[in-house]
Every structure is written in structure tokens, then in C-alpha cells.
Amino acid sequence: MRCNLLVLCDTPLKKHELLEKLKDEQVNPSVHEASYHSQWEALLEHERFDMVLIIASLADALAVAQTYTRCSLFCKVPLVFNLTRAHKPTLIALKELGIDTLLVGKQSVQNLATFVSLKLFAHYYKQELFAHHSLSTEYSIVVESDAMQHFVIRHVNEAFLSFESKTKTQLIGKQSPQLVFDLEALREDIVETLHTQRTRHLPNFFFLREGEREWFDVHMYAISSNSVGIIASPQTSIKRAYDKIEYTKRYLQTLLNAQKQIVFITDKEQLLNVNGAFLTFFGVDSMHAFVRTRGSVWHYMPIDGVDEEVWIDTVLAHPKLIYKLHITQGNRRAVFVPHVQTVYVDGKAQYVVMLWDITELEHEKEKLRQIAMTDPLTGVSNRLKFNSVIEGLLALSKRYNSPLSFVLLDVDAFKQVNDVHGHTVGDEVLQALSTLIQEHIRQADLLIRWGGEEFLLVLPNTPKSAAVHVAQKIGTRVAAHTFVSHLHITLSIGVTQFDGDEALNIAIARADEALYLAKNSGKNSTKAL
């Protein structure tokens, strides 16, 4: 029996090979080949076709489909759309046009011929022709309904017989026999197919076989007013593989979410997955919400000392180095150490990035650093602090030719205070003295407890003359102040200016020499060298 098949394409089609394969599928079509850029609309209007096969590129698919839906043959002639590759938005758009019969992917001629023949059988041929259909991968069954809506089997193919381990004699003409493939479970759908004379698709039909679910992709076709053809494609192995993949994905997501640290997976260009800690930190419900509202993740993660915005390669190239990145989220500024692991999926590199939160550790480290650089008695800076900042101050003085002065202050006769009043009073005097000095210096100035009752003032951007003025003001203020136990003390002070070329120890020694001169001149005085 011959059928009329219209093939529309603008890509080379192996016409003769398709014809041979269709003959193997018990179809002997007359193929009309035309470009859908030609006047094929007129051809559709004046010729009768049993099927239209459109082979379209993604670029042309929607335009061709919209033109086809305007033809009078639309919904009367089955349409097979063979796209060159899958594209979700195109599939959705085609479905909205009412085109549900799609063959997506770059199929082989054999697969294409099988699919075309299957549709031709199901839509336009009598059950006796349907009975010749013997695809090796699908099960074909034809059932006939009587007045009481009892179903009698009129056809089964070899694949179905093999699945059921039965012969045709045991099935043909029998009324709803007990089968592994449960026809009774499809009763409502068969009745609906007969009533509407429209194709029904059950992509997830299953029944229990020895306690296990058997999955099928089922199409039902109204062959006549009282008979229905059923094409069932086994999907159990595919379904189980899919379920295994889904389980694996959920398992991996659970592992990711179990991590307290922020974890995200990327291909360097876009986010592929994130864990719960990531969502919580950024205050979003999903990865897609982050991308929609924040854009690129790299904008939020600059690494100290690294110029590249996408720093994955740098971190991978130096696995022994510890990098720190800072992320500001709301009022919080967090510090992280990144770790990157490369994985390959389908031959393409993906990167699992874990961010170890060291914010609290950094805070504690800063506290310890401050403690280590602070004199425990007076609360002012100590020599460790002096050593950590002095090189920077010297460099600025040299670079901008700005004056830098040093002032050494020593409490006169402090040993007598300790001997007469005790060390506790002596400590209280030093504490009060430190507070008093800080009230008369700038925020940029640095007060150091140099040792015992001796203090060092570092005065950036201050010439010696101005430093002398500051020292004299402090000396006068201290002499007039009444300390604990009604004590009065005085200071001997030495002042010098760093000349820009000398070594630091030379400048400090000169300040010390000026202090010695102040002591020898009767104390309670300021000398400058």
C-alpha cells in the first residue's frame, strides 16, 4: 500500500536511504521533496498528503511552523518536526502553536524512518496494516471495544509477545486477558481516545511487576470508531537511570548543604550549583535568585593582592599560598580563605570552590595583635608597636620631605615615688601621666612607653621647633597637675628631628642625649638637639 509523504527541508536529505528504510518499516511512500522556502503552501492546499515531514534548523523552525498552522491541512495531516538540535524555548513555542508531534535531535535516517512509519500506521492505516508493524523496541497492541466496552485484542506484535511470554493464539480474540502489561489500567484512557478520536500520550505509565515498577511511554491512536492502537515504548531502564541520577544529585546536594562553609560550583563564567550556606550568607532563596538580583559572583569576592576578578587559576597555580578574600554583605564584612578543586563533567572542567570563613579568627588575631602592641599598665603603645609602624613613617618622611620629630620624656625622681609611696602608687602615677600626655597630642601622633618611667613621642609632619613647643606644654601641664596621694611630678624632655638620611638609632640616641642635658640642667626642663 502506498502513502503520500511530503518532505520539506532546506538541508541535504538522504532521500533514497530514507525510502529504503521506510520500506523496511512496511511503508511504501511516495516522497514529495520540496524546500520550505519555495511555494510549498500552495502544494499543501491542492495535494493530499498522509504526512508532512519538516526538517528544520532552529533559526527557521518557528517561522515554518507558523506558516504551516495557517494552512487548511493543519490538524488534518500529522506533522513530524525534525529539529537539528534541541532548544527548550523553541520547543515551548512550538507546543504553544499546537504542534505536539516533535522529533528532536539530529536523528539517524533509520530512527527517522521508524518514527515516520510509526505515525503513519497509528493515524491512517487500518488494523490489518497495523498488524504488520513489528518494531523491535516498541510494543504494539490493537484493542476493539464492543457495545459493553469490553476490550478484545485484535493485534499484538512480536515484541509484545516476547515481553508477555505468550503466543498469538493465547491473546488474539481474547477479552481483556490477564497480562503483565495491564490493559485494564488503561481503560479510562482507551475510552477517552475512542470518544474524542484524538491521540493520547501517557509519558509515565507504569505497573508493578514482581514488586518493581515497569515504566512505559504510551501513545494511543483511534484507528477506527471502535478500535484503538497502543504503542508502548519501554522506559524502565531509562527511568531507573534517571531516578539514579536524580538520587545522586539530591545526595550530592545534601552533602553540599551539610557543609557549614560556603560552597559553589562554577565553570568560571556562571554558577552551576551552590549550597545552603551560600544562600544563607547572601540572603537569597535559590541560586537563580542570586544570579537574577546580584549578577556575577566574582563582583563580591576580590582577593587581596590578586588583580584578576576570576581568581580560580591563580589559586590553583599556588596551592601552598593562603589567599584572603573579603565579602561585604549588609553591615557585615567577612573574611574567607578560598580552596578550589577541579572536576571534569562530560570532559569539561568545573570548579568546586569552598570558602573557609576566618572572620572570627581574624578578629581574634587583630585583638591579640593589639594586645601584643599595647603596654598592659598604661594602655599606650609599646616598642613592638613602634617597630611595626616606624619604617612606614620614615619612608613617608623621606618620600614627601616632611619633618618627623622624636620627643623622649622621663619622670624626674620616679624611684623616690616608688620608695616612699610604694609601687602601686607609682603605677597609678604612670597611668595618669599617660592619659595626661595623650590629651595634648594629635591622633596622628604616637605615644610609646619606652621603658619604666620613660615615654617616647613620635610626631609626624612636625619640625623640631613645633615639637619643642609640644614638649614644653606637656611639661608645664604635668608639673601643675596633682596626681594620686597629692603627688606632684616633673618631666625632663629631650627633642630631636629626623634628618632624612640618618639611621633611626642615631636619631633616637640624639633625643636621648637631649634628655640627658635636660636632666643635668636641673630637671623639669626641655632640651633639643
# chains A, B, ... in the order shown; residues from 1 in each chain; ligands from 1

$ select_by_dssp --residues "stretch 136-318 of chain A" --states "helix (DSSP H, G or I)" --output "VMD selection string"
chain A and resid 158 to 164 168 to 171 184 to 196 236 to 258 276 to 282 287 to 294 297 to 300 312 to 317

$ closest_atom_pairs --of "stretch 417-448 of chain A" --to "stretch 469-486 of chain A" --cutoff "8 Å" --atoms "only C-alpha atoms" --output "JSON lines"
{"residue": "A:Val425", "atom": "CA", "partner": "A:Val484", "partner_atom": "CA", "distance": 7.0}
{"residue": "A:Glu428", "atom": "CA", "partner": "A:Val484", "partner_atom": "CA", "distance": 7.1}
{"residue": "A:Val429", "atom": "CA", "partner": "A:Phe483", "partner_atom": "CA", "distance": 6.3}
{"residue": "A:Ala432", "atom": "CA", "partner": "A:Phe483", "partner_atom": "CA", "distance": 7.3}
{"residue": "A:Leu433", "atom": "CA", "partner": "A:Val478", "partner_atom": "CA", "distance": 7.5}
{"residue": "A:Leu436", "atom": "CA", "partner": "A:Val478", "partner_atom": "CA", "distance": 7.5}
{"residue": "A:Ile437", "atom": "CA", "partner": "A:Ile474", "partner_atom": "CA", "distance": 6.4}
{"residue": "A:His440", "atom": "CA", "partner": "A:Ile474", "partner_atom": "CA", "distance": 6.7}
{"residue": "A:Ile441", "atom": "CA", "partner": "A:Val470", "partner_atom": "CA", "distance": 7.8}

$ write_last_selection --atoms "N, CA and C atoms" --output "short mmCIF file (atom, residue, chain, number, x, y, z; two decimals), in the first residue's frame"
data_model
loop_
_atom_site.label_atom_id
_atom_site.label_comp_id
_atom_site.auth_asym_id
_atom_site.auth_seq_id
_atom_site.Cartn_x
_atom_site.Cartn_y
_atom_site.Cartn_z
N VAL A 425 51.19 52.98 93.93
CA VAL A 425 51.02 54.42 93.67
C VAL A 425 51.84 54.82 92.45
N GLU A 428 49.95 53.93 89.40
CA GLU A 428 48.82 54.83 89.18
C GLU A 428 49.29 56.17 88.62
N VAL A 429 50.46 56.62 89.06
CA VAL A 429 51.03 57.86 88.54
C VAL A 429 51.34 57.72 87.04
N ALA A 432 48.08 57.77 85.03
CA ALA A 432 47.52 59.12 84.91
C ALA A 432 48.38 59.98 84.00
N LEU A 433 49.68 59.81 84.07
CA LEU A 433 50.59 60.58 83.21
C LEU A 433 50.33 60.25 81.74
N LEU A 436 47.26 62.03 80.59
CA LEU A 436 47.50 63.47 80.50
C LEU A 436 48.27 63.82 79.22
N ILE A 437 49.29 63.05 78.91
CA ILE A 437 50.08 63.31 77.69
C ILE A 437 49.20 63.17 76.44
N HIS A 440 47.18 66.03 75.08
CA HIS A 440 47.88 67.17 74.48
C HIS A 440 48.60 66.82 73.18
N ILE A 441 48.26 65.67 72.57
CA ILE A 441 48.85 65.30 71.28
C ILE A 441 47.75 65.02 70.27
#

$ atom_distance --atom1 "atom CA of A:Gln341" --atom2 "atom CA of A:Val353"
6.6 Å

$ closest_residue --among "A:Asn226, A:Ile231, A:Gln178, A:Glu184" --to "A:Leu202" --atoms "only C-alpha atoms"
A:Ile231

$ atom_distance --atom1 "atom CA of A:Asp512" --atom2 "atom CA of A:Gly494"
6.2 Å

$ atom_distance --atom1 "atom CA of A:Thr193" --atom2 "atom CA of A:Ile153"
16.1 Å

$ residues_around --residues "A:Lys239" --least-positions-apart "4" --cutoff "12 Å" --atoms "only C-alpha atoms" --output "PDB file with all heavy atoms, in the first residue's frame"
ATOM      1  N   PRO A 203       3.241   9.685  29.086  1.00  0.00           N
ATOM      2  CA  PRO A 203       4.706   9.550  29.114  1.00  0.00           C
ATOM      3  C   PRO A 203       5.238   8.786  30.322  1.00  0.00           C
ATOM      4  O   PRO A 203       6.381   8.361  30.310  1.00  0.00           O
ATOM      5  CB  PRO A 203       5.189  11.004  29.128  1.00  0.00           C
ATOM      6  CG  PRO A 203       4.059  11.773  29.733  1.00  0.00           C
ATOM      7  CD  PRO A 203       2.802  11.071  29.324  1.00  0.00           C
ATOM      8  N   ASN A 204       4.396   8.614  31.354  1.00  0.00           N
ATOM      9  CA  ASN A 204       4.884   7.969  32.581  1.00  0.00           C
ATOM     10  C   ASN A 204       3.914   6.892  33.066  1.00  0.00           C
ATOM     11  O   ASN A 204       3.555   6.857  34.245  1.00  0.00           O
ATOM     12  CB  ASN A 204       5.094   9.017  33.680  1.00  0.00           C
ATOM     13  CG  ASN A 204       6.252   9.949  33.376  1.00  0.00           C
ATOM     14  OD1 ASN A 204       7.374   9.501  33.206  1.00  0.00           O
ATOM     15  ND2 ASN A 204       5.971  11.231  33.289  1.00  0.00           N
ATOM     16  N   PHE A 205       3.492   6.010  32.154  1.00  0.00           N
ATOM     17  CA  PHE A 205       2.624   4.908  32.550  1.00  0.00           C
ATOM     18  C   PHE A 205       3.475   3.811  33.196  1.00  0.00           C
ATOM     19  O   PHE A 205       4.539   3.462  32.698  1.00  0.00           O
ATOM     20  CB  PHE A 205       1.900   4.344  31.328  1.00  0.00           C
ATOM     21  CG  PHE A 205       1.127   3.095  31.619  1.00  0.00           C
ATOM     22  CD1 PHE A 205      -0.034   3.144  32.379  1.00  0.00           C
ATOM     23  CD2 PHE A 205       1.572   1.860  31.157  1.00  0.00           C
ATOM     24  CE1 PHE A 205      -0.747   1.983  32.657  1.00  0.00           C
ATOM     25  CE2 PHE A 205       0.868   0.703  31.440  1.00  0.00           C
ATOM     26  CZ  PHE A 205      -0.287   0.769  32.197  1.00  0.00           C
ATOM     27  N   PHE A 206       2.990   3.279  34.330  1.00  0.00           N
ATOM     28  CA  PHE A 206       3.726   2.193  34.961  1.00  0.00           C
ATOM     29  C   PHE A 206       2.761   1.196  35.598  1.00  0.00           C
ATOM     30  O   PHE A 206       1.594   1.504  35.864  1.00  0.00           O
ATOM     31  CB  PHE A 206       4.690   2.717  36.029  1.00  0.00           C
ATOM     32  CG  PHE A 206       4.022   3.161  37.300  1.00  0.00           C
ATOM     33  CD1 PHE A 206       3.816   2.265  38.345  1.00  0.00           C
ATOM     34  CD2 PHE A 206       3.597   4.467  37.453  1.00  0.00           C
ATOM     35  CE1 PHE A 206       3.192   2.669  39.515  1.00  0.00           C
ATOM     36  CE2 PHE A 206       2.978   4.878  38.618  1.00  0.00           C
ATOM     37  CZ  PHE A 206       2.776   3.970  39.649  1.00  0.00           C
ATOM     38  N   ARG A 213       8.444  -1.405  39.610  1.00  0.00           N
ATOM     39  CA  ARG A 213       7.695  -0.627  38.628  1.00  0.00           C
ATOM     40  C   ARG A 213       8.280  -0.825  37.233  1.00  0.00           C
ATOM     41  O   ARG A 213       9.483  -0.732  37.043  1.00  0.00           O
ATOM     42  CB  ARG A 213       7.729   0.860  38.989  1.00  0.00           C
ATOM     43  CG  ARG A 213       6.912   1.207  40.222  1.00  0.00           C
ATOM     44  CD  ARG A 213       6.826   2.710  40.407  1.00  0.00           C
ATOM     45  NE  ARG A 213       5.987   3.065  41.536  1.00  0.00           N
ATOM     46  CZ  ARG A 213       5.582   4.299  41.820  1.00  0.00           C
ATOM     47  NH1 ARG A 213       5.959   5.299  41.040  1.00  0.00           N
ATOM     48  NH2 ARG A 213       4.807   4.540  42.856  1.00  0.00           N
ATOM     49  N   GLU A 214       7.385  -1.095  36.287  1.00  0.00           N
ATOM     50  CA  GLU A 214       7.763  -1.142  34.874  1.00  0.00           C
ATOM     51  C   GLU A 214       7.206   0.121  34.224  1.00  0.00           C
ATOM     52  O   GLU A 214       5.996   0.376  34.266  1.00  0.00           O
ATOM     53  CB  GLU A 214       7.190  -2.383  34.191  1.00  0.00           C
ATOM     54  CG  GLU A 214       7.810  -3.685  34.658  1.00  0.00           C
ATOM     55  CD  GLU A 214       9.195  -3.903  34.064  1.00  0.00           C
ATOM     56  OE1 GLU A 214       9.523  -3.225  33.069  1.00  0.00           O
ATOM     57  OE2 GLU A 214       9.931  -4.751  34.599  1.00  0.00           O
ATOM     58  N   TRP A 215       8.088   0.895  33.607  1.00  0.00           N
ATOM     59  CA  TRP A 215       7.705   2.192  33.054  1.00  0.00           C
ATOM     60  C   TRP A 215       7.613   2.128  31.533  1.00  0.00           C
ATOM     61  O   TRP A 215       8.442   1.495  30.881  1.00  0.00           O
ATOM     62  CB  TRP A 215       8.715   3.259  33.446  1.00  0.00           C
ATOM     63  CG  TRP A 215       8.724   3.582  34.905  1.00  0.00           C
ATOM     64  CD1 TRP A 215       9.476   2.997  35.875  1.00  0.00           C
ATOM     65  CD2 TRP A 215       7.927   4.567  35.561  1.00  0.00           C
ATOM     66  NE1 TRP A 215       9.215   3.546  37.095  1.00  0.00           N
ATOM     67  CE2 TRP A 215       8.265   4.519  36.938  1.00  0.00           C
ATOM     68  CE3 TRP A 215       6.962   5.489  35.136  1.00  0.00           C
ATOM     69  CZ2 TRP A 215       7.670   5.360  37.871  1.00  0.00           C
ATOM     70  CZ3 TRP A 215       6.378   6.322  36.067  1.00  0.00           C
ATOM     71  CH2 TRP A 215       6.722   6.258  37.420  1.00  0.00           C
ATOM     72  N   PHE A 216       6.603   2.839  30.972  1.00  0.00           N
ATOM     73  CA  PHE A 216       6.419   2.882  29.529  1.00  0.00           C
ATOM     74  C   PHE A 216       6.022   4.292  29.105  1.00  0.00           C
ATOM     75  O   PHE A 216       5.374   5.040  29.850  1.00  0.00           O
ATOM     76  CB  PHE A 216       5.313   1.916  29.083  1.00  0.00           C
ATOM     77  CG  PHE A 216       5.696   0.472  29.193  1.00  0.00           C
ATOM     78  CD1 PHE A 216       5.540  -0.202  30.397  1.00  0.00           C
ATOM     79  CD2 PHE A 216       6.222  -0.209  28.120  1.00  0.00           C
ATOM     80  CE1 PHE A 216       5.904  -1.523  30.523  1.00  0.00           C
ATOM     81  CE2 PHE A 216       6.586  -1.541  28.231  1.00  0.00           C
ATOM     82  CZ  PHE A 216       6.428  -2.202  29.428  1.00  0.00           C
ATOM     83  N   ASP A 217       6.432   4.629  27.887  1.00  0.00           N
ATOM     84  CA  ASP A 217       5.943   5.820  27.217  1.00  0.00           C
ATOM     85  C   ASP A 217       4.870   5.340  26.248  1.00  0.00           C
ATOM     86  O   ASP A 217       5.168   4.618  25.289  1.00  0.00           O
ATOM     87  CB  ASP A 217       7.092   6.515  26.476  1.00  0.00           C
ATOM     88  CG  ASP A 217       6.648   7.805  25.823  1.00  0.00           C
ATOM     89  OD1 ASP A 217       6.122   8.682  26.518  1.00  0.00           O
ATOM     90  OD2 ASP A 217       6.831   7.933  24.590  1.00  0.00           O
ATOM     91  N   SER A 233       6.472   2.200  24.495  1.00  0.00           N
ATOM     92  CA  SER A 233       7.936   2.137  24.451  1.00  0.00           C
ATOM     93  C   SER A 233       8.460   1.876  25.860  1.00  0.00           C
ATOM     94  O   SER A 233       8.177   2.663  26.773  1.00  0.00           O
ATOM     95  CB  SER A 233       8.517   3.454  23.936  1.00  0.00           C
ATOM     96  OG  SER A 233       8.018   3.759  22.661  1.00  0.00           O
ATOM     97  N   PRO A 234       9.202   0.791  26.070  1.00  0.00           N
ATOM     98  CA  PRO A 234       9.741   0.506  27.409  1.00  0.00           C
ATOM     99  C   PRO A 234      10.668   1.636  27.878  1.00  0.00           C
ATOM    100  O   PRO A 234      11.549   2.064  27.147  1.00  0.00           O
ATOM    101  CB  PRO A 234      10.511  -0.801  27.218  1.00  0.00           C
ATOM    102  CG  PRO A 234       9.955  -1.396  25.971  1.00  0.00           C
ATOM    103  CD  PRO A 234       9.571  -0.255  25.103  1.00  0.00           C
ATOM    104  N   GLN A 235      10.432   2.116  29.085  1.00  0.00           N
ATOM    105  CA  GLN A 235      11.228   3.214  29.643  1.00  0.00           C
ATOM    106  C   GLN A 235      11.850   2.861  30.992  1.00  0.00           C
ATOM    107  O   GLN A 235      12.434   3.727  31.642  1.00  0.00           O
ATOM    108  CB  GLN A 235      10.340   4.459  29.827  1.00  0.00           C
ATOM    109  CG  GLN A 235       9.707   4.981  28.556  1.00  0.00           C
ATOM    110  CD  GLN A 235      10.731   5.585  27.619  1.00  0.00           C
ATOM    111  OE1 GLN A 235      11.566   6.364  28.047  1.00  0.00           O
ATOM    112  NE2 GLN A 235      10.678   5.219  26.354  1.00  0.00           N
ATOM    113  N   ASP A 243      16.163   8.171  37.656  1.00  0.00           N
ATOM    114  CA  ASP A 243      15.968   8.210  39.112  1.00  0.00           C
ATOM    115  C   ASP A 243      17.302   8.138  39.845  1.00  0.00           C
ATOM    116  O   ASP A 243      17.495   8.791  40.874  1.00  0.00           O
ATOM    117  CB  ASP A 243      15.070   7.052  39.557  1.00  0.00           C
ATOM    118  CG  ASP A 243      13.624   7.248  39.127  1.00  0.00           C
ATOM    119  OD1 ASP A 243      13.269   8.387  38.780  1.00  0.00           O
ATOM    120  OD2 ASP A 243      12.859   6.271  39.133  1.00  0.00           O
ATOM    121  N   LYS A 244      18.220   7.323  39.296  1.00  0.00           N
ATOM    122  CA  LYS A 244      19.535   7.206  39.920  1.00  0.00           C
ATOM    123  C   LYS A 244      20.286   8.529  39.835  1.00  0.00           C
ATOM    124  O   LYS A 244      20.936   8.960  40.805  1.00  0.00           O
ATOM    125  CB  LYS A 244      20.347   6.099  39.231  1.00  0.00           C
ATOM    126  CG  LYS A 244      21.674   5.810  39.912  1.00  0.00           C
ATOM    127  CD  LYS A 244      22.376   4.638  39.263  1.00  0.00           C
ATOM    128  CE  LYS A 244      23.703   4.339  39.982  1.00  0.00           C
ATOM    129  NZ  LYS A 244      24.406   3.199  39.358  1.00  0.00           N
ATOM    130  N   ILE A 245      20.160   9.182  38.677  1.00  0.00           N
ATOM    131  CA  ILE A 245      20.804  10.489  38.508  1.00  0.00           C
ATOM    132  C   ILE A 245      20.196  11.502  39.477  1.00  0.00           C
ATOM    133  O   ILE A 245      20.898  12.269  40.131  1.00  0.00           O
ATOM    134  CB  ILE A 245      20.652  10.974  37.052  1.00  0.00           C
ATOM    135  CG1 ILE A 245      21.497  10.100  36.114  1.00  0.00           C
ATOM    136  CG2 ILE A 245      21.065  12.438  36.927  1.00  0.00           C
ATOM    137  CD1 ILE A 245      21.253  10.367  34.654  1.00  0.00           C
ATOM    138  N   GLU A 246      18.843  11.476  39.575  1.00  0.00           N
ATOM    139  CA  GLU A 246      18.172  12.402  40.484  1.00  0.00           C
ATOM    140  C   GLU A 246      18.576  12.136  41.929  1.00  0.00           C
ATOM    141  O   GLU A 246      18.796  13.070  42.707  1.00  0.00           O
ATOM    142  CB  GLU A 246      16.650  12.285  40.320  1.00  0.00           C
ATOM    143  CG  GLU A 246      16.116  12.905  39.056  1.00  0.00           C
ATOM    144  CD  GLU A 246      16.388  14.394  39.015  1.00  0.00           C
ATOM    145  OE1 GLU A 246      16.003  15.110  39.943  1.00  0.00           O
ATOM    146  OE2 GLU A 246      17.032  14.846  38.039  1.00  0.00           O
ATOM    147  N   TYR A 247      18.662  10.835  42.280  1.00  0.00           N
ATOM    148  CA  TYR A 247      19.077  10.483  43.631  1.00  0.00           C
ATOM    149  C   TYR A 247      20.503  10.972  43.898  1.00  0.00           C
ATOM    150  O   TYR A 247      20.801  11.533  44.947  1.00  0.00           O
ATOM    151  CB  TYR A 247      19.003   8.971  43.827  1.00  0.00           C
ATOM    152  CG  TYR A 247      19.618   8.505  45.129  1.00  0.00           C
ATOM    153  CD1 TYR A 247      18.919   8.622  46.330  1.00  0.00           C
ATOM    154  CD2 TYR A 247      20.910   7.980  45.158  1.00  0.00           C
ATOM    155  CE1 TYR A 247      19.489   8.215  47.523  1.00  0.00           C
ATOM    156  CE2 TYR A 247      21.486   7.567  46.353  1.00  0.00           C
ATOM    157  CZ  TYR A 247      20.770   7.691  47.529  1.00  0.00           C
ATOM    158  OH  TYR A 247      21.342   7.295  48.707  1.00  0.00           O
TER     159      TYR A 247
END
